[in-house]
$ cat my_file-v4.txt   # compact mmCIF, C-alpha atoms
# COMPACT_ATOMS: atom_id res chain seq x y z
CA MET A 1 -10.68 -71.52 -89.25
CA GLN A 2 -11.92 -71.25 -92.81
CA THR A 3 -15.26 -72.63 -93.93
CA PRO A 4 -15.52 -75.03 -96.90
CA SER A 5 -16.86 -72.21 -99.06
CA GLN A 6 -13.91 -70.00 -98.10
CA LEU A 7 -11.51 -72.81 -98.90
CA LYS A 8 -13.10 -73.27 -102.32
CA GLU A 9 -12.45 -69.60 -103.04
CA ARG A 10 -8.74 -70.43 -102.86
CA PHE A 11 -9.06 -72.58 -105.98
CA ILE A 12 -7.81 -70.54 -108.96
CA PRO A 13 -8.87 -72.23 -112.22
CA PHE A 14 -6.86 -71.06 -115.20
CA THR A 15 -9.96 -70.60 -117.33
CA GLY A 16 -11.27 -68.08 -114.79
CA LEU A 17 -8.14 -65.92 -114.67
CA LYS A 18 -8.51 -62.27 -115.58
CA TYR A 19 -5.67 -60.21 -116.96
CA SER A 20 -4.65 -56.67 -117.80
CA THR A 21 -3.05 -55.59 -121.06
CA GLU A 22 -2.16 -52.22 -119.52
CA ALA A 23 -0.38 -53.34 -116.36
CA PHE A 24 2.85 -51.56 -117.25
CA ILE A 25 4.04 -48.56 -119.23
CA ASP A 26 5.28 -50.75 -122.09
CA TYR A 27 1.70 -51.40 -123.27
CA CYS A 28 2.04 -48.43 -125.64
CA ILE A 29 5.23 -49.68 -127.32
CA PRO A 30 4.31 -51.59 -130.53
CA GLU A 31 6.90 -54.36 -130.20
CA CYS A 32 5.76 -55.04 -126.62
CA SER A 33 1.99 -55.13 -127.03
CA PRO A 34 -0.35 -56.86 -126.49
CA LYS A 35 0.88 -58.52 -123.31
CA LYS A 36 -1.42 -60.21 -120.81
CA ASN A 37 -0.41 -59.78 -117.18
CA TYR A 38 -2.01 -62.02 -114.56
CA ALA A 39 -1.93 -61.64 -110.76
CA LEU A 40 -2.82 -64.88 -108.96
CA ILE A 41 -1.42 -64.30 -105.48
CA GLY A 42 -0.90 -60.63 -104.60
CA PRO A 43 -0.83 -57.67 -106.99
CA GLY A 44 2.81 -58.15 -107.96
CA VAL A 45 4.44 -55.05 -109.41
CA SER A 46 1.58 -53.95 -111.67
CA GLN A 47 1.47 -50.19 -112.21
CA ASN A 48 -2.25 -50.34 -113.04
CA PRO A 49 -4.52 -49.86 -110.00
CA ASN A 50 -7.21 -51.81 -111.87
CA GLN A 51 -5.09 -54.95 -112.23
CA PRO A 52 -7.34 -57.97 -111.46
CA VAL A 53 -5.98 -60.06 -108.57
CA SER A 54 -7.26 -63.58 -107.84
CA LEU A 55 -6.21 -63.64 -104.17
CA ARG A 56 -4.77 -60.64 -102.32
CA GLU A 57 -3.96 -62.49 -99.10
CA LYS A 58 -0.28 -62.19 -98.18
CA HIS A 59 1.79 -65.36 -98.65
CA GLY A 60 5.34 -64.06 -98.19
CA PHE A 61 5.77 -64.16 -101.97
CA GLN A 62 3.62 -63.37 -104.99
CA VAL A 63 2.56 -65.42 -108.00
CA GLY A 64 1.63 -64.01 -111.37
CA GLY A 65 1.69 -64.94 -115.00
CA VAL A 66 2.41 -63.49 -118.42
CA ALA A 67 1.21 -64.40 -121.92
CA MET A 68 2.42 -62.81 -125.15
CA PRO A 69 1.97 -63.41 -128.88
CA PRO A 70 4.91 -64.63 -130.98
CA GLY A 71 7.72 -62.15 -131.41
CA LYS A 72 6.57 -59.75 -128.70
CA THR A 73 9.08 -58.51 -126.14
CA ASN A 74 8.96 -57.48 -122.49
CA PRO A 75 11.62 -54.73 -122.37
CA PRO A 76 14.43 -54.27 -119.83
CA HIS A 77 13.34 -53.75 -116.23
CA MET A 78 14.63 -54.44 -112.74
CA HIS A 79 13.25 -55.96 -109.54
CA PHE A 80 14.58 -55.68 -106.00
CA THR A 81 13.38 -59.08 -104.78
CA ALA A 82 13.70 -62.51 -106.36
CA GLU A 83 11.97 -63.13 -109.69
CA VAL A 84 11.43 -66.64 -111.01
CA PHE A 85 10.03 -67.59 -114.42
CA MET A 86 8.25 -70.95 -114.72
CA CYS A 87 7.56 -71.74 -118.37
CA THR A 88 4.49 -73.83 -119.11
CA LYS A 89 3.98 -73.11 -122.82
CA GLY A 90 6.11 -71.94 -125.70
CA GLN A 91 9.72 -70.99 -126.30
CA TRP A 92 11.07 -67.89 -124.59
CA ASP A 93 14.34 -66.01 -124.67
CA LEU A 94 15.28 -64.71 -121.24
CA GLN A 95 17.38 -61.59 -121.86
CA TRP A 96 19.76 -59.51 -119.74
CA GLY A 97 22.88 -57.39 -120.15
CA PHE A 98 21.75 -55.00 -122.95
CA ASN A 99 25.29 -53.75 -123.55
CA PRO A 100 24.15 -52.97 -126.19
CA GLU A 101 22.85 -56.38 -127.38
CA PRO A 102 21.26 -58.59 -124.72
CA LEU A 103 22.62 -61.90 -123.60
CA LYS A 104 20.09 -64.71 -123.94
CA VAL A 105 19.12 -68.15 -122.70
CA ARG A 106 16.20 -70.16 -124.11
CA LEU A 107 13.40 -71.51 -121.89
CA GLY A 108 10.94 -74.22 -122.88
CA PRO A 109 7.97 -75.95 -121.22
CA GLY A 110 8.80 -77.09 -117.69
CA ASP A 111 11.98 -75.01 -117.45
CA ILE A 112 12.44 -72.66 -114.48
CA ALA A 113 14.80 -69.68 -114.31
CA SER A 114 15.72 -67.48 -111.36
CA VAL A 115 16.87 -63.98 -112.27
CA PRO A 116 19.18 -62.22 -109.79
CA THR A 117 18.02 -59.03 -108.12
CA TRP A 118 19.43 -55.69 -109.29
CA ILE A 119 19.87 -56.79 -112.86
CA TYR A 120 17.96 -55.54 -115.90
CA ARG A 121 16.03 -58.35 -117.54
CA GLY A 122 13.52 -58.86 -120.33
CA PHE A 123 12.03 -61.72 -122.29
CA GLN A 124 10.69 -62.44 -125.75
CA ASN A 125 8.26 -65.05 -127.06
CA MET A 126 10.26 -67.00 -129.65
CA GLY A 127 7.56 -69.59 -130.35
CA GLU A 128 4.93 -69.81 -133.05
CA ASP A 129 1.93 -69.35 -130.72
CA GLU A 130 1.01 -67.39 -127.64
CA GLY A 131 3.18 -68.62 -124.77
CA PHE A 132 2.69 -68.55 -121.02
CA MET A 133 4.95 -68.35 -117.99
CA PHE A 134 4.12 -68.27 -114.30
CA THR A 135 6.16 -65.78 -112.32
CA ALA A 136 7.05 -65.68 -108.64
CA LEU A 137 8.28 -62.57 -106.83
CA GLY A 138 9.83 -62.60 -103.39
CA GLN A 139 8.25 -60.83 -100.38
CA ASP A 140 4.82 -59.29 -99.84
CA ASP A 141 6.31 -55.87 -100.64
CA THR A 142 8.49 -56.23 -103.72
CA GLY A 143 9.73 -52.64 -103.81
CA GLY A 144 8.16 -52.13 -107.23
CA ILE A 145 9.69 -52.15 -110.69
CA LEU A 146 12.37 -49.96 -112.30
CA TRP A 147 12.29 -49.56 -116.07
CA GLY A 148 15.36 -49.05 -118.18
CA PRO A 149 15.97 -45.57 -119.66
CA GLN A 150 15.26 -46.77 -123.21
CA THR A 151 11.83 -48.10 -122.24
CA LEU A 152 10.77 -44.85 -120.59
CA ALA A 153 11.97 -42.90 -123.62
CA ALA A 154 10.13 -45.24 -126.02
CA ALA A 155 6.91 -44.82 -124.02
CA ARG A 156 7.21 -41.02 -124.01
CA ALA A 157 7.62 -41.12 -127.79
CA GLN A 158 4.18 -42.77 -127.86
CA GLY A 159 2.67 -40.10 -125.59
CA VAL A 160 2.74 -42.16 -122.40
CA HIS A 161 4.56 -40.88 -119.32
CA LEU A 162 5.54 -42.37 -115.96
CA THR A 163 5.56 -39.91 -113.10
CA GLU A 164 7.99 -39.95 -110.20
CA ASP A 165 5.22 -41.39 -108.02
CA TYR A 166 4.65 -44.19 -110.57
CA ARG A 167 1.43 -42.91 -112.15
CA ILE A 168 0.91 -43.57 -115.86
CA ILE A 169 -0.25 -40.50 -117.83
CA ASP A 170 -1.51 -41.48 -121.29
CA GLU A 171 -2.07 -38.54 -123.60
CA ASN A 172 -3.71 -40.88 -126.13
CA SER A 173 -6.60 -41.46 -123.72
CA GLY A 174 -7.18 -37.77 -123.10
CA GLN A 175 -4.96 -37.37 -120.03
CA ILE A 176 -2.80 -34.26 -119.95
CA TRP A 177 0.91 -34.21 -119.26
CA ASP A 178 1.65 -30.98 -117.45
CA PRO A 179 5.43 -30.44 -117.15
CA SER A 180 4.87 -27.53 -114.79
CA SER A 181 3.27 -29.74 -112.13
CA MET A 182 4.44 -33.24 -113.06
CA LYS A 183 7.87 -34.81 -113.03
CA HIS A 184 9.05 -37.85 -114.96
CA LEU A 185 10.44 -40.78 -113.02
CA GLN A 186 14.19 -40.50 -113.29
CA PRO A 187 15.78 -43.76 -114.45
CA MET A 188 19.25 -45.00 -113.62
CA THR A 189 22.06 -43.13 -115.31
CA ASN A 190 24.46 -44.96 -117.61
CA ALA A 191 27.14 -44.58 -114.93
CA GLU A 192 24.88 -46.23 -112.34
CA ILE A 193 23.97 -49.04 -114.73
CA SER A 194 27.64 -49.70 -115.44
CA GLN A 195 28.19 -50.39 -111.74
CA LEU A 196 25.70 -53.29 -111.71
CA LYS A 197 27.08 -56.82 -111.63
CA HIS A 198 27.72 -58.39 -115.02
CA TRP A 199 26.26 -61.89 -115.39
CA PRO A 200 28.01 -64.00 -118.07
CA ILE A 201 25.92 -66.55 -119.93
CA GLU A 202 27.55 -69.48 -118.14
CA GLU A 203 26.67 -68.03 -114.74
CA MET A 204 23.07 -67.37 -115.77
CA LYS A 205 22.71 -70.88 -117.15
CA GLN A 206 23.40 -72.16 -113.64
CA ARG A 207 20.21 -70.40 -112.60
CA VAL A 208 18.10 -72.30 -115.14
CA VAL A 209 16.70 -75.69 -114.11
CA ARG A 210 15.64 -77.75 -117.11
CA HIS A 211 12.65 -80.03 -116.68
CA SER A 212 14.63 -82.77 -118.39
CA ASP A 213 17.37 -82.49 -115.73
CA LEU A 214 15.20 -82.71 -112.62
CA ASP A 215 16.49 -84.86 -109.76
CA TRP A 216 13.41 -86.95 -108.99
CA GLN A 217 13.71 -89.00 -105.81
CA SER A 218 11.28 -91.57 -104.49
CA ASP A 219 12.43 -91.23 -100.87
CA ALA A 220 11.60 -87.54 -100.62
CA LEU A 221 8.45 -88.13 -98.57
CA LEU A 222 7.93 -90.40 -95.59
CA ASP A 223 4.71 -91.86 -96.95
CA ALA A 224 6.48 -92.84 -100.19
CA VAL A 225 9.20 -94.63 -98.21
CA ALA A 226 6.42 -96.40 -96.33
CA ASP A 227 5.01 -97.42 -99.73
CA THR A 228 1.65 -95.79 -99.03
CA GLY A 229 1.62 -93.00 -101.63
CA GLY A 230 4.29 -93.34 -104.28
CA ALA A 231 4.94 -89.63 -104.89
CA GLN A 232 8.31 -88.24 -105.94
CA MET A 233 9.81 -84.78 -105.55
CA ALA A 234 12.46 -82.76 -107.35
CA PRO A 235 13.83 -79.57 -105.77
CA VAL A 236 14.43 -76.44 -107.81
CA ILE A 237 14.95 -73.48 -105.48
CA GLY A 238 15.79 -73.35 -101.79
CA LEU A 239 14.92 -75.63 -98.90
CA GLY A 240 11.46 -77.04 -99.43
CA MET A 241 9.49 -79.93 -97.95
CA SER A 242 11.57 -82.80 -99.33
CA GLU A 243 12.57 -85.19 -96.54
CA SER A 244 15.44 -86.71 -98.49
CA ARG A 245 18.82 -86.05 -96.88
CA SER A 246 20.55 -86.20 -100.28
CA HIS A 247 18.22 -83.75 -101.99
CA SER A 248 19.78 -80.41 -102.82
CA ALA A 249 18.18 -77.66 -104.90
CA PRO A 250 20.22 -76.56 -107.95
CA ILE A 251 19.44 -72.93 -107.01
CA HIS A 252 20.07 -72.50 -103.31
CA ASN A 253 20.54 -68.79 -102.58
CA SER A 254 17.90 -66.99 -100.51
CA HIS A 255 14.67 -66.19 -102.36
CA GLY A 256 12.25 -65.95 -99.44
CA PHE A 257 10.42 -69.01 -100.85
CA SER A 258 11.14 -72.47 -102.19
CA ILE A 259 10.02 -74.16 -105.40
CA GLU A 260 9.79 -77.91 -105.92
CA TRP A 261 8.18 -80.29 -108.37
CA LEU A 262 5.84 -82.96 -107.06
CA ARG A 263 4.96 -86.00 -109.18
CA ILE A 264 2.24 -88.48 -108.21
CA PRO A 265 1.81 -91.70 -110.21
CA VAL A 266 -1.48 -92.91 -111.60
CA GLY A 267 -3.56 -94.10 -108.65
CA GLY A 268 -1.09 -92.61 -106.17
CA HIS A 269 -1.40 -89.90 -103.57
CA VAL A 270 0.38 -87.90 -100.91
CA SER A 271 -1.03 -89.13 -97.60
CA ALA A 272 -2.70 -86.95 -94.98
CA HIS A 273 -0.31 -84.32 -93.66
CA ALA A 274 -0.11 -80.71 -92.52
CA LEU A 275 2.34 -77.83 -92.85
CA SER A 276 2.65 -74.67 -90.82
CA GLU A 277 3.33 -72.66 -93.96
CA LYS A 278 0.96 -71.66 -96.70
CA GLN A 279 1.58 -73.14 -100.14
CA VAL A 280 0.67 -72.46 -103.74
CA LEU A 281 0.11 -75.53 -105.90
CA SER A 282 0.01 -75.10 -109.68
CA VAL A 283 -0.78 -78.22 -111.70
CA TYR A 284 1.45 -78.53 -114.74
CA GLN A 285 0.11 -81.84 -115.98
CA GLY A 286 -2.68 -84.24 -115.00
CA SER A 287 -5.63 -84.20 -112.62
CA LEU A 288 -5.07 -83.49 -108.93
CA ALA A 289 -7.81 -84.01 -106.35
CA ILE A 290 -7.20 -81.76 -103.35
CA HIS A 291 -8.72 -82.82 -100.02
CA VAL A 292 -8.54 -80.33 -97.14
CA SER A 293 -9.64 -80.57 -93.50
CA PRO A 294 -9.14 -78.21 -90.55
CA GLN A 295 -8.76 -81.25 -88.26
CA ARG A 296 -6.40 -84.19 -88.50
CA GLN A 297 -7.93 -87.13 -90.33
CA THR A 298 -6.70 -90.43 -91.69
CA THR A 299 -5.83 -90.65 -95.35
CA ALA A 300 -8.57 -93.21 -95.95
CA LEU A 301 -11.19 -90.94 -94.41
CA MET A 302 -10.04 -87.92 -96.39
CA ILE A 303 -10.04 -89.61 -99.78
CA SER A 304 -13.38 -91.31 -99.10
CA ALA A 305 -15.00 -87.86 -99.21
CA ASP A 306 -15.41 -85.63 -102.23
CA PRO A 307 -12.36 -83.47 -102.84
CA LEU A 308 -12.49 -79.75 -102.23
CA CYS A 309 -11.54 -79.31 -105.88
CA VAL A 310 -9.87 -81.07 -108.79
CA ALA A 311 -7.09 -78.98 -110.34
CA GLN A 312 -6.15 -79.73 -113.94
CA GLY A 313 -3.03 -79.16 -115.98
CA ASN A 314 -2.70 -79.58 -119.75
CA ALA A 315 -1.01 -78.00 -122.74
CA ASP A 316 -3.04 -74.78 -122.51
CA ALA A 317 -4.29 -74.36 -118.93
CA TRP A 318 -2.84 -74.80 -115.44
CA ASP A 319 -5.06 -74.57 -112.37
CA SER A 320 -3.72 -73.37 -109.02
CA PHE A 321 -4.73 -73.68 -105.38
CA ALA A 322 -3.61 -71.48 -102.47
CA MET A 323 -3.31 -73.90 -99.55
CA PRO A 324 -3.72 -72.27 -96.11
CA GLY A 325 -1.22 -73.00 -93.38
CA GLU A 326 -1.91 -75.51 -90.61
CA VAL A 327 -4.73 -77.36 -92.40
CA TRP A 328 -4.58 -81.08 -93.11
CA ARG A 329 -4.51 -82.09 -96.72
CA CYS A 330 -4.30 -85.12 -99.00
CA LEU A 331 -3.31 -84.86 -102.66
CA ARG A 332 -4.49 -87.57 -105.04
CA ASN A 333 -3.95 -88.36 -108.72
CA VAL A 334 -7.40 -88.94 -110.22
CA GLY A 335 -6.29 -88.97 -113.85
CA ASP A 336 -4.83 -91.52 -116.26
CA ILE A 337 -1.35 -89.93 -116.48
CA PRO A 338 1.13 -88.96 -113.74
CA VAL A 339 0.20 -85.64 -112.19
CA THR A 340 2.98 -83.03 -111.97
CA VAL A 341 2.66 -80.04 -109.67
CA LEU A 342 4.67 -76.91 -108.98
CA VAL A 343 4.89 -76.44 -105.20
CA MET A 344 5.77 -72.95 -103.94
CA THR A 345 6.23 -72.41 -100.19
CA PRO A 346 7.27 -69.24 -98.31
CA GLY A 347 10.45 -69.10 -96.24
CA ASP A 348 14.10 -70.04 -96.69
CA ALA A 349 14.11 -72.73 -93.96
CA VAL A 350 13.27 -76.41 -94.34
CA LYS A 351 9.52 -77.02 -94.21
CA ARG A 352 8.61 -79.68 -91.63
CA ILE A 353 5.78 -82.02 -92.58
CA HIS A 354 3.39 -83.26 -89.89
CA TRP A 355 2.25 -86.70 -91.01
CA ALA A 356 -0.91 -88.46 -89.91
CA PRO A 357 -0.21 -91.16 -87.28
CA GLU A 358 -0.94 -94.04 -89.65
CA VAL A 359 1.79 -92.77 -92.01
CA VAL A 360 4.30 -92.65 -89.16
CA ASP A 361 3.26 -96.17 -88.09
CA ALA A 362 3.52 -97.55 -91.64
CA ALA A 363 6.97 -96.03 -92.00
CA ALA A 364 8.02 -97.55 -88.67
CA GLN A 365 6.87 -100.98 -89.84
CA ALA A 366 9.09 -100.50 -92.89
CA GLY A 367 11.98 -99.51 -90.63
CA TYR A 368 11.97 -95.75 -91.20
CA SER A 369 11.27 -92.56 -89.29
CA ILE A 370 12.15 -88.87 -89.41
CA ASP A 371 15.42 -87.90 -87.70
CA ALA A 372 16.04 -84.81 -85.58
CA ASN A 373 17.05 -82.84 -88.67
CA GLY A 374 13.77 -83.59 -90.45
CA TYR A 375 14.96 -86.27 -92.90
CA VAL A 376 14.00 -89.87 -93.57
CA ALA A 377 16.32 -92.19 -91.66
CA MET A 378 16.58 -95.77 -90.39
CA LYS A 379 14.32 -96.00 -87.36
CA ARG A 380 16.53 -98.33 -85.34
CA PHE A 381 19.20 -95.64 -85.19
CA THR A 382 16.91 -92.68 -84.53
CA ASP A 383 15.31 -94.67 -81.69
CA ARG A 384 18.72 -95.48 -80.23
CA SER A 385 19.82 -91.85 -80.31
CA GLN A 386 16.80 -90.78 -78.30
CA ARG A 387 17.40 -93.11 -75.36
$ encode --input "my_file-v4.txt" --output "structure tokens"
Amino acid sequence: MQTPSQLKERFIPFTGLKYSTEAFIDYCIPECSPKKNYALIGPGVSQNPNQPVSLREKHGFQVGGVAMPPGKTNPPHMHFTAEVFMCTKGQWDLQWGFNPEPLKVRLGPGDIASVPTWIYRGFQNMGEDEGFMFTALGQDDTGGILWGPQTLAAARAQGVHLTEDYRIIDENSGQIWDPSSMKHLQPMTNAEISQLKHWPIEEMKQRVVRHSDLDWQSDALLDAVADTGGAQMAPVIGLGMSESRSHSAPIHNSHGFSIEWLRIPVGGHVSAHALSEKQVLSVYQGSLAIHVSPQRQTTALMISADPLCVAQGNADAWDSFAMPGEVWRCLRNVGDIPVTVLVMTPGDAVKRIHWAPEVVDAAAQAGYSIDANGYVAMKRFTDRSQR
């Protein structure tokens, strides 16, 4: 059981984030630098042992972030587990293909894109200011990163080498490249690259979920159906915590985690509940009071106390909180605009919510309950089926 002070350490304010501009070998390539790499949950795939990490605790997936000035490019690279880009600021071109010119799709604020594994990808800031994207990588062990042959060659031209054991040797900083005792990492051959799956633009567009196209539903949570909270949810990737039978994520292949949007109206809340899984909450917009308790409590009792923290989201900063598993929590909008939150949860299965008894009772009074499959249903039929 975590103490209140330990729980507060799980609050990750955006203004307190630290970054590295030398996380990857591309830092020496002029068109790619400077690039700020953030690691919020887990170290990600950083090749710099000094990469700052906000929380190293394993979550089953990893959360990072990237910021770049206008016009700068992250060059072609590959991951072996799922990679998801969640744009919060700016205009970005997601790139892939490179045969020889990349295929592209534009991302704007609130858009989310899932890039398939075993495909070379890159991205470029196409806006007028520094942009920012959150990133999520599947698994606690991602398998690392594989750079394209052109990137490794461009880095060597700048005097920076990547060894076969993934160490960066920078001759510009006084390090010595010794070809007699060191070996370069060998990239994929052109023949090997040609065997990778080709992703046409239309197929990749199906892996982009626009914020303007989100399927918000007001019956996604039992407490909303009971008219006690008013929150809505919109799925993006996988099976999350939505309790709506008709809710289906636009991107549904296995990622090892789910991503959903949560929206709470002014004065609204998500009532007291618990989940077995850990979660990462990143506030995109508004002010979210987060109440946490190791023991079950009523919603009224939880919100009568001071919140553990208040996470903020605005045009330039997005606070996050790493929610432990099993604890009871209540989420409350304490601002003057609707609060919108990115909810990331490990696992490909449906996440079952454990509601406080008063929520279950209020839903029953309204004629609703949760059926055997975990979805909101008419109580008179679920009761009948259990006789």
$ residues_near_point --input "my_file-v4.txt" --point "(-8.5, -59.4, -111.9)" --cutoff "8 Å" --atoms "all atoms listed in the file" --output "number ranges by chain"
A: 17-20, 38-39, 50-54
$ atom_distance --input "my_file-v4.txt" --atom1 "atom CA of A:Ala377" --atom2 "atom CA of A:Val236"
22.6 Å
$ residues_around --input "my_file-v4.txt" --residues "stretch 96-98 of chain A" --least-positions-apart "5" --cutoff "7 Å" --atoms "all atoms listed in the file" --output "PyMOL selection string"
chain A and resi 103-104+120-122
$ residues_around --input "my_file-v4.txt" --residues "A:Val105" --least-positions-apart "2" --cutoff "7 Å" --atoms "only C-alpha atoms" --output "list in words"
Asp93, Leu94, Gln95 and Leu107 of chain A
$ residues_near_point --input "my_file-v4.txt" --point "(-1.4, -38.9, -127.2)" --cutoff "6 Å" --atoms "all atoms listed in the file" --output "PyMOL selection string"
chain A and resi 159+171-172
$ residues_around --input "my_file-v4.txt" --residues "stretch 275-283 of chain A" --least-positions-apart "4" --cutoff "7 Å" --atoms "only C-alpha atoms" --output "ChimeraX atom specification"
/A:59,311-313,318-326,340-346,352-354
$ closest_residue --input "my_file-v4.txt" --among "A:Ala136, A:Ala220, A:His211, A:Pro100" --to "A:Val376" --atoms "only C-alpha atoms"
A:Ala220
$ closest_atom_pairs --input "my_file-v4.txt" --of "stretch 130-242 of chain A" --to "stretch 67-91 of chain A" --cutoff "6 Å" --atoms "only C-alpha atoms" --output "tab-separated table"
residue	atom	partner	partner_atom	distance
A:Glu130	CA	A:Pro69	CA	4.3
A:Gly131	CA	A:Gly90	CA	4.5
A:Phe132	CA	A:Ala67	CA	4.5
A:Met133	CA	A:Cys87	CA	4.3
A:Phe134	CA	A:Met86	CA	4.9
A:Thr135	CA	A:Phe85	CA	4.8
A:Ala136	CA	A:Val84	CA	5.1
A:Leu137	CA	A:Glu83	CA	4.7
A:Gly138	CA	A:Ala82	CA	4.9
A:Thr142	CA	A:Thr81	CA	5.8
A:Ile145	CA	A:His79	CA	5.3
A:Leu146	CA	A:Met78	CA	5.0
A:Trp147	CA	A:His77	CA	4.3
A:Gly148	CA	A:His77	CA	5.5
$ residues_around --input "my_file-v4.txt" --residues "A:Gln2" --least-positions-apart "4" --cutoff "8 Å" --atoms "all atoms listed in the file" --output "list of chain:residue names"
A:Gln6, A:Leu7, A:Pro294
$ closest_residue --input "my_file-v4.txt" --among "A:Ile303, A:Val63, A:Val350, A:Ala113" --to "A:Ser244" --atoms "only C-alpha atoms"
A:Val350
$ atom_distance --input "my_file-v4.txt" --atom1 "atom CA of A:Lys205" --atom2 "atom CA of A:Ser46"
27.6 Å
$ closest_residue --input "my_file-v4.txt" --among "A:Thr298, A:Tyr284, A:Leu222, A:Val115" --to "A:Ala315" --atoms "all atoms listed in the file"
A:Tyr284
$ residues_around --input "my_file-v4.txt" --residues "A:Met302" --least-positions-apart "5" --cutoff "8 Å" --atoms "all atoms listed in the file" --output "compact mmCIF listing (two decimals) with C-alpha atoms, in the coordinates of the input"
# COMPACT_ATOMS: atom_id res chain seq x y z
CA ALA A 272 -2.70 -86.95 -94.98
CA HIS A 291 -8.72 -82.82 -100.02
CA VAL A 292 -8.54 -80.33 -97.14
CA SER A 293 -9.64 -80.57 -93.50
CA GLN A 297 -7.93 -87.13 -90.33
CA CYS A 330 -4.30 -85.12 -99.00
$ atom_distance --input "my_file-v4.txt" --atom1 "atom CA of A:Val339" --atom2 "atom CA of A:Ser5"
25.4 Å
$ closest_residue --input "my_file-v4.txt" --among "A:Gly335, A:Pro43, A:Pro34, A:Pro200" --to "A:Pro102" --atoms "all atoms listed in the file"
A:Pro200
$ closest_residue --input "my_file-v4.txt" --among "A:Ala157, A:Leu288, A:Ile119, A:Leu162" --to "A:Glu192" --atoms "all atoms listed in the file"
A:Ile119
$ build_atoms --input "my_file-v4.txt" --residues "stretch 233-245 of chain A" --atoms "N, CA and C atoms" --output "short mmCIF file (atom, residue, chain, number, x, y, z; two decimals), keeping the file's coordinate frame"
data_model
loop_
_atom_site.label_atom_id
_atom_site.label_comp_id
_atom_site.auth_asym_id
_atom_site.auth_seq_id
_atom_site.Cartn_x
_atom_site.Cartn_y
_atom_site.Cartn_z
N MET A 233 9.58 -86.22 -105.54
CA MET A 233 9.81 -84.78 -105.55
C MET A 233 11.14 -84.47 -106.21
N ALA A 234 11.21 -83.26 -106.76
CA ALA A 234 12.46 -82.76 -107.35
C ALA A 234 12.61 -81.30 -106.95
N PRO A 235 13.66 -80.96 -106.20
CA PRO A 235 13.83 -79.57 -105.77
C PRO A 235 14.33 -78.69 -106.90
N VAL A 236 13.98 -77.42 -106.83
CA VAL A 236 14.43 -76.44 -107.81
C VAL A 236 15.11 -75.26 -107.13
N ILE A 237 14.42 -74.66 -106.16
CA ILE A 237 14.95 -73.48 -105.48
C ILE A 237 14.78 -73.62 -103.97
N GLY A 238 15.85 -73.46 -103.24
CA GLY A 238 15.79 -73.35 -101.79
C GLY A 238 15.48 -74.64 -101.07
N LEU A 239 15.24 -74.50 -99.77
CA LEU A 239 14.92 -75.63 -98.90
C LEU A 239 13.41 -75.77 -98.82
N GLY A 240 12.90 -76.84 -99.39
CA GLY A 240 11.46 -77.04 -99.43
C GLY A 240 10.99 -78.07 -98.42
N MET A 241 10.08 -78.94 -98.86
CA MET A 241 9.49 -79.93 -97.95
C MET A 241 10.04 -81.34 -98.19
N SER A 242 10.98 -81.48 -99.10
CA SER A 242 11.57 -82.80 -99.33
C SER A 242 12.23 -83.31 -98.05
N GLU A 243 11.99 -84.58 -97.74
CA GLU A 243 12.57 -85.19 -96.54
C GLU A 243 13.74 -86.10 -96.88
N SER A 244 14.28 -85.93 -98.09
CA SER A 244 15.44 -86.71 -98.49
C SER A 244 16.71 -85.97 -98.10
N ARG A 245 17.58 -86.64 -97.36
CA ARG A 245 18.82 -86.05 -96.88
C ARG A 245 19.76 -85.69 -98.04
#
